[in-house]
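Asks: Below you will find the structure I want to go over with you.
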Amino acid sequence: MEIRVLGPGDEDLLVRAVALTDEGPLPHERATAHLADANLVNLVALEGGEAVGFVYGHILQRFEAVSFFIYSVDVAESHRRRGIGKAMLAALRDLGREGRWDEMFVFTNVSNAAAMALYAGSGGISPPPADVVMFDFEC
């Protein structure tokens with residue numbers, strides 16, 4: 001298995017990787033814009049040249065720290081429970097050290113047992129429930 005950071009010119013591979021997610025088909029123009037944004041990071045796990053895993057997120061340049069928000073970690077159903085998600089998160093942490101990120105974070109639901117196990121098994125720390133509420137605004 002190979003884990004690759006995508007960049008400009010990898011639009012076709014990004015389109016194939018996004019097909020692993022629940023986000024629907026990615027138009028080529030959106031793939032081009034996505035890969036041109038230096039604050040978006042995309043990693044794909046390849047096996048035999050085929051995308052079998054995908055993780056992407058956004059570098060957040062805050063005043064007090066540089067954070068990385070993980071939007072999604074996806075592994076092809078046929079390749080789950082083989083360490084691909086964990087390997088992609090480890091590769092992200094390596095990128096974070098190189099890029100001097102202070103932290104990475106991700107949201108999931110307690111009911112998502114697979115995600116909870118992946119994040120805990122990859123060194124993620126889940127703080128106790130707090131008095132935090134997320135509001136979502138459509139634009």
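Please note that chains go A, B, ... in the order of the structure tokens, that every chain numbers its residues from 1, and that ligands are numbered from 1 in the order shown.
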Taking the DSSP secondary structure from the backbone, can you list the residues of chain A that are alpha helix (DSSP H), as a short mmCIF file (atom, residue, chain, number, x, y, z; two decimals) with N, CA and C atoms, in the first residue's frame?
Replies:
data_model
loop_
_atom_site.label_atom_id
_atom_site.label_comp_id
_atom_site.auth_asym_id
_atom_site.auth_seq_id
_atom_site.Cartn_x
_atom_site.Cartn_y
_atom_site.Cartn_z
N GLU A 11 -5.98 15.54 -10.39
CA GLU A 11 -7.44 15.67 -10.39
C GLU A 11 -8.16 14.34 -10.61
N ASP A 12 -7.70 13.54 -11.57
CA ASP A 12 -8.36 12.26 -11.85
C ASP A 12 -8.31 11.34 -10.63
N LEU A 13 -7.18 11.33 -9.96
CA LEU A 13 -7.05 10.49 -8.76
C LEU A 13 -7.93 11.01 -7.64
N LEU A 14 -8.04 12.33 -7.49
CA LEU A 14 -8.91 12.90 -6.48
C LEU A 14 -10.37 12.53 -6.76
N VAL A 15 -10.77 12.61 -8.01
CA VAL A 15 -12.15 12.24 -8.38
C VAL A 15 -12.41 10.78 -8.00
N ARG A 16 -11.45 9.90 -8.28
CA ARG A 16 -11.61 8.47 -7.93
C ARG A 16 -11.64 8.28 -6.42
N ALA A 17 -10.82 9.04 -5.69
CA ALA A 17 -10.79 8.92 -4.23
C ALA A 17 -12.08 9.41 -3.60
N VAL A 18 -12.61 10.51 -4.09
CA VAL A 18 -13.86 11.06 -3.54
C VAL A 18 -15.02 10.09 -3.79
N HIS A 28 -14.66 17.62 -12.31
CA HIS A 28 -13.23 17.86 -12.55
C HIS A 28 -12.83 19.30 -12.18
N GLU A 29 -13.71 20.26 -12.48
CA GLU A 29 -13.40 21.67 -12.17
C GLU A 29 -13.25 21.88 -10.67
N ARG A 30 -14.11 21.22 -9.88
CA ARG A 30 -14.01 21.34 -8.42
C ARG A 30 -12.74 20.67 -7.92
N ALA A 31 -12.37 19.56 -8.55
CA ALA A 31 -11.13 18.87 -8.17
C ALA A 31 -9.94 19.78 -8.41
N THR A 32 -9.93 20.49 -9.54
CA THR A 32 -8.83 21.41 -9.86
C THR A 32 -8.75 22.52 -8.82
N ALA A 33 -9.87 23.12 -8.48
CA ALA A 33 -9.89 24.20 -7.48
C ALA A 33 -9.47 23.68 -6.11
N HIS A 34 -9.94 22.50 -5.77
CA HIS A 34 -9.62 21.90 -4.47
C HIS A 34 -8.11 21.68 -4.34
N LEU A 35 -7.50 21.13 -5.36
CA LEU A 35 -6.06 20.83 -5.31
C LEU A 35 -5.20 22.09 -5.40
N ALA A 36 -5.76 23.18 -5.89
CA ALA A 36 -5.00 24.43 -5.99
C ALA A 36 -4.95 25.18 -4.66
N ILE A 84 -5.60 0.67 7.03
CA ILE A 84 -5.44 1.75 6.05
C ILE A 84 -5.80 3.10 6.67
N GLY A 85 -6.91 3.17 7.38
CA GLY A 85 -7.30 4.43 8.04
C GLY A 85 -6.25 4.88 9.03
N LYS A 86 -5.74 3.96 9.81
CA LYS A 86 -4.72 4.28 10.80
C LYS A 86 -3.44 4.76 10.12
N ALA A 87 -3.07 4.12 9.00
CA ALA A 87 -1.87 4.53 8.27
C ALA A 87 -2.04 5.93 7.67
N MET A 88 -3.24 6.25 7.19
CA MET A 88 -3.47 7.58 6.64
C MET A 88 -3.40 8.64 7.74
N LEU A 89 -3.95 8.34 8.92
CA LEU A 89 -3.87 9.30 10.03
C LEU A 89 -2.42 9.49 10.47
N ALA A 90 -1.64 8.42 10.48
CA ALA A 90 -0.22 8.53 10.83
C ALA A 90 0.51 9.41 9.81
N ALA A 91 0.18 9.24 8.54
CA ALA A 91 0.80 10.07 7.50
C ALA A 91 0.41 11.54 7.68
N LEU A 92 -0.83 11.78 8.07
CA LEU A 92 -1.28 13.16 8.34
C LEU A 92 -0.50 13.76 9.51
N ARG A 93 -0.29 12.96 10.55
CA ARG A 93 0.47 13.47 11.71
C ARG A 93 1.89 13.82 11.29
N ASP A 94 2.49 13.00 10.42
CA ASP A 94 3.83 13.32 9.90
C ASP A 94 3.81 14.63 9.13
N LEU A 95 2.79 14.82 8.30
CA LEU A 95 2.65 16.10 7.57
C LEU A 95 2.51 17.25 8.56
N GLY A 96 1.75 17.02 9.61
CA GLY A 96 1.55 18.05 10.63
C GLY A 96 2.84 18.46 11.31
N ARG A 97 3.69 17.49 11.59
CA ARG A 97 4.98 17.81 12.20
C ARG A 97 5.83 18.63 11.23
N GLU A 98 5.82 18.24 9.95
CA GLU A 98 6.58 18.99 8.93
C GLU A 98 6.01 20.39 8.76
N GLY A 99 4.69 20.51 8.79
CA GLY A 99 4.03 21.80 8.58
C GLY A 99 3.86 22.61 9.83
N ALA A 113 -19.12 3.43 15.81
CA ALA A 113 -18.15 2.60 16.53
C ALA A 113 -16.83 2.46 15.76
N ALA A 114 -16.90 2.32 14.44
CA ALA A 114 -15.68 2.16 13.65
C ALA A 114 -14.81 3.41 13.75
N ALA A 115 -15.41 4.58 13.62
CA ALA A 115 -14.65 5.83 13.71
C ALA A 115 -14.10 6.03 15.11
N MET A 116 -14.91 5.74 16.12
CA MET A 116 -14.44 5.88 17.50
C MET A 116 -13.22 5.00 17.75
N ALA A 117 -13.26 3.76 17.26
CA ALA A 117 -12.12 2.84 17.43
C ALA A 117 -10.90 3.31 16.65
N LEU A 118 -11.12 3.79 15.42
CA LEU A 118 -10.01 4.28 14.60
C LEU A 118 -9.31 5.45 15.28
N TYR A 119 -10.06 6.44 15.70
CA TYR A 119 -9.45 7.64 16.27
C TYR A 119 -8.79 7.35 17.61
N ALA A 120 -9.41 6.55 18.44
CA ALA A 120 -8.80 6.20 19.72
C ALA A 120 -7.55 5.34 19.50
N GLY A 121 -7.62 4.41 18.54
CA GLY A 121 -6.49 3.54 18.26
C GLY A 121 -5.35 4.24 17.55
#
Asks: Could you tell me how far CA of Ile59 (chain A) sits from CA of Leu6 (chain A), in Å to one decimal place?
Replies: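 Straight-line distance from CA of Leu6 (chain A) to CA of Ile59 (chain A) works out to 14.8 Å.
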Asks: May I ask for the distance between CA of Arg100 (chain A) and CA of Glu2 (chain A), given in Å to one decimal place?
Replies: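 Atom-to-atom, CA of Arg100 (chain A) to CA of Glu2 (chain A), that is 23.4 Å.
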Asks: Using only C-alpha atoms, find the one residue out of A:Ile70, A:Ser78, A:Gly49, A:Gly123 that sits nearest to Thr108 (chain A).
Replies: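 Nearest candidate to Thr108 (chain A) out of A:Ile70, A:Ser78, A:Gly49, A:Gly123: A:Ile70.
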Asks: What lies within 7 Å of Asn42 (chain A) using only C-alpha atoms, ignoring chain neighbours under 2 positions off, as a PDB file with N, CA and C atoms, in the first residue's frame?
Replies:
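Saved file part.pdb follows:
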ATOM      1  N   VAL A   5       0.212  12.105  -1.001  1.00  0.00           N
ATOM      2  CA  VAL A   5      -0.366  13.437  -0.850  1.00  0.00           C
ATOM      3  C   VAL A   5      -0.666  13.941  -2.253  1.00  0.00           C
ATOM      4  N   LEU A   6      -1.905  14.370  -2.464  1.00  0.00           N
ATOM      5  CA  LEU A   6      -2.301  14.845  -3.784  1.00  0.00           C
ATOM      6  C   LEU A   6      -2.007  16.326  -3.952  1.00  0.00           C
ATOM      7  N   LEU A  40      -5.907  23.118   1.820  1.00  0.00           N
ATOM      8  CA  LEU A  40      -6.606  21.842   1.789  1.00  0.00           C
ATOM      9  C   LEU A  40      -5.583  20.739   1.578  1.00  0.00           C
ATOM     10  N   VAL A  44      -4.392   9.986  -0.335  1.00  0.00           N
ATOM     11  CA  VAL A  44      -5.068   8.812  -0.864  1.00  0.00           C
ATOM     12  C   VAL A  44      -4.197   7.593  -0.582  1.00  0.00           C
ATOM     13  N   VAL A  55      -8.415  10.589   2.818  1.00  0.00           N
ATOM     14  CA  VAL A  55      -8.620  11.492   3.943  1.00  0.00           C
ATOM     15  C   VAL A  55      -8.317  12.907   3.455  1.00  0.00           C
ATOM     16  N   TYR A  56      -9.150  13.839   3.890  1.00  0.00           N
ATOM     17  CA  TYR A  56      -8.874  15.226   3.536  1.00  0.00           C
ATOM     18  C   TYR A  56      -9.312  16.150   4.657  1.00  0.00           C
ATOM     19  N   GLY A  57      -8.708  17.327   4.636  1.00  0.00           N
ATOM     20  CA  GLY A  57      -9.029  18.301   5.658  1.00  0.00           C
ATOM     21  C   GLY A  57      -8.461  19.660   5.324  1.00  0.00           C
TER      22      GLY A  57
END
Asks: In Å, how far is it from CA of Ser67 (chain A) to CA of Gly83 (chain A)?
Replies: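 We find that CA of Ser67 (chain A) and CA of Gly83 (chain A) lie 24.4 Å from each other.
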Asks: Could you find all residues in region 23-132 of chain A that DSSP calls strand (DSSP E) from the backbone, and write them as a PyMOL selection string?
Replies: chain A and resi 40-47+50-61+66-75+103-106
Asks: Could you check which of A:Glu50, A:Leu60, A:Asp22, A:Met1 is closest to Val73 (chain A), using only C-alpha atoms?
Replies: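 Between A:Glu50, A:Leu60, A:Asp22, A:Met1, the residue approaching Val73 (chain A) most closely is A:Asp22.
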